[in-house]
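Each remark here refers to the structure printed beneath this line.
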Amino acid sequence: MADLVEQLLSQLNDDKHPCTVDLNKCGPDITRDFTTAAQSLLDNVDCVDASRMDVFIQLAYQKLTSLPQSRSLCWRRLYTDACIFKALVAVTDPTRVGESTALETIATLDHAIIIAGAAGEGRLALILSLVREVQSIFLSTPSPDVTSPDFCADVPPRLPNCPTSCGDILCISPPPSFTAFQNCWAQTPFILRNYISDWPAMTERPWASVNYLRSIAGPGRIVPVEVGEDYRSDDWTQELINWDTFLSSLDPSRPRPKKREVLYLAQHNLMAQFPALRDDIVVPDYVYSCLAPPRSFPGYTPPGNEEQFVINAWLGPKGTISPAHTDPFFNCYAQVVGRKTVWLAPPDVSKHMYPYSAPASDTADKTHNPAANTTNPLMSNTSRVDVFPSSDGAERRSKEEFPAFWENVPKKASCAILEAGDLLVFPPGWWHAMRSEETSFSVSMWF
């Protein structure tokens with residue numbers, strides 16, 4: 001571990017190293033103070049205090065959460081490296097490392113991934129390697145277990161109760177060819193039944209197995225979750241919790257928690273944290289089709305990252321809802337575990353959707369709306385209408401509050417149940433909402 005600290009210090013002292021160039025944009029005083037603090041950790045390894053990095057972690061967090069993403073790279077770099085140094089120093093002397101220190105170290109490294117995106121050249125690979133090393137040396141790591149599924153009860157399918165739609169989402173068989181998708185099918189939503197049924201995530205490495213999901217992560221990992229069934233609710237919040245604790249909360253045999261205690265892992269790049277999961281899926285060729293803007297959404301541009309591709313996981317219990325919203329990208333939405341009701345409506349109903357007001361600026365709270373696309377937040381939109389009214393009374397109240405929606409949208413909207421193994425494909429700008437009918441694990445692929 002000490003060798004790695006020296007290697008990272010060498011980078012900090014090299015003004016031309018890409019990571020240091022990024023870090024210097026925080027300001028010369030901050031870079032100097034950080035380098036000095038990091039050097040002191042190495043020089044005083046016998047009486048080290050890893051918490052000395054906390055001042056930089058807190059400063060970086062304050063800055064990166066108050067700035068637009070385009071201006072936050074240097075602070076994400078500082079947050080990432082401060083977490084790495086803190087973790088390295090905490091486990092430098094193995095004789096002083098107990099289980100609690102090891103778990104705290106892994107949590108620190110996960111914070112760098114979740115909060116700062118492990119910013120910096122090679123930083124994500126380094127963090128994942130450190131997590132595995134800490135787990136293997138200081139904690140008991142279970143072997144991969146692919147026992148029978150744990151999540152889903154064997155219940156018969158049912159038609160969606162969806163009074164806000166009049167049509168069914170088109171199902172296509174056989175799947176369109178790559179060329180046919182580009183030329184004919186990319187402009188409209190459709191479902192491919194059982195399209196992903198041969199994914200390893202559904203066969204030899206089942207995501208429906210709690211034991212498998214625990215084993216690929218190893219002990220001590222933390223993940224971001226929403227607390228509450230619907231992010232529009234006043235009591236909705238977000239937390240970072242232990243992965244094992246979250247998986248236990250999804251056990252269908254446990255008593256249903258209070259509404260505010262429902263936990264939902266939503267729109268999170270879980271595969272960056274747990275790369276083994278990436279090997280369990282097969283990205284559809286449609287994602288690489290380089291499509292022109294649809295007629296219904298002429299402002300389309302692909303995601304702005306280097307891959308022009310964003311993949312996220314959605315894992316939660318029965319009843320979790322993503323309210324009606326739009327995203328500015330094409331979407332291949334794969335249903336891996338459980339059943340989920342999906343509601344869709346075309347972009348031309350937008351004036352009847354009663355959207356929430358747009359954020360006042362790019363520095364507004366970017367985390368409060370998980371379904372709203374944070375890759376390009378100015379183009380996201382969320383409706384105040386509950387397209388899955390919970391009762392007849394709720395439906396009556398909705399019709400009184402949102403009359404234009406009920407008069408114009410249901411006749412153009414469509415609905416379907418996604419079964420495990422199905423793939424939903426739809427264009428940018430389409431309104432969509434999701435409701436889990438049982439414990440559900442889905443993967444969205446924006447392109």
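If you're wondering about the labels, chains in the structure tokens are A, B, ... by order shown, residues count from 1 in each chain, ligands from 1 in order shown.
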
Exercise. Near range 115-130 of chain A, within 9 Å and counting only C-alpha atoms, which residues show up once chain neighbours fewer than 3 positions away are dropped, as a ChimeraX atom specification?
Worked result: /A:18-19,22,61,64,73-81,84,87-88,106,109-112,133-135,272-275

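The protein and nucleic acid residues lying at most 6 Å from Lys318 in chain A are Ser436, Glu437, Glu438 and Thr439 of chain A, with only C-alpha atoms considered and sequence neighbours fewer than 3 positions away removed.
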
Problem set entry | DSSP-assigned alpha helix (DSSP H) among range 67-159 of chain A, expressed as a ChimeraX atom specification | /A:73-90,99-116,123-138

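Ranking A:Gly338, A:Leu418, A:Ile169, A:Thr164 by their shortest atom-to-atom distance to Phe405 in chain A, with only C-alpha atoms included, puts A:Thr164 first.
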
Seminar exercise, completed: Between CA of Phe388 in chain A and CA of Cys171 in chain A lies a distance of 21.8 Å

Exercise. What's the 6 Å shell around range 222-227 of chain A, counting only C-alpha atoms, without same-chain residues fewer than 3 positions away, as a VMD selection string?
Worked result: chain A and resid 236 to 243 261 to 265

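Closest approach to Val283 in chain A among A:Ser414, A:Pro28, A:Tyr333, A:Ala404: A:Tyr333, based on only C-alpha atoms.
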
For this session: Compare A:Asn305, A:Thr141, A:Thr20, A:Ser322 by their minimum atom-to-atom distance to Thr35 in chain A, counting only C-alpha atoms, and give me the closest one.
Result: A:Thr20

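Distance check against Val97 in chain A using only C-alpha atoms: of A:Leu139, A:Leu277, A:Ala180, A:Leu213, the minimum falls on A:Leu139.
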
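Computed from the coordinates, the CA of Val387 in chain A to CA of Val425 in chain A distance equals 20.0 Å.
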
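With CA of Leu270 in chain A on one side and CA of Ala217 in chain A on the other, the separation reads 10.3 Å.
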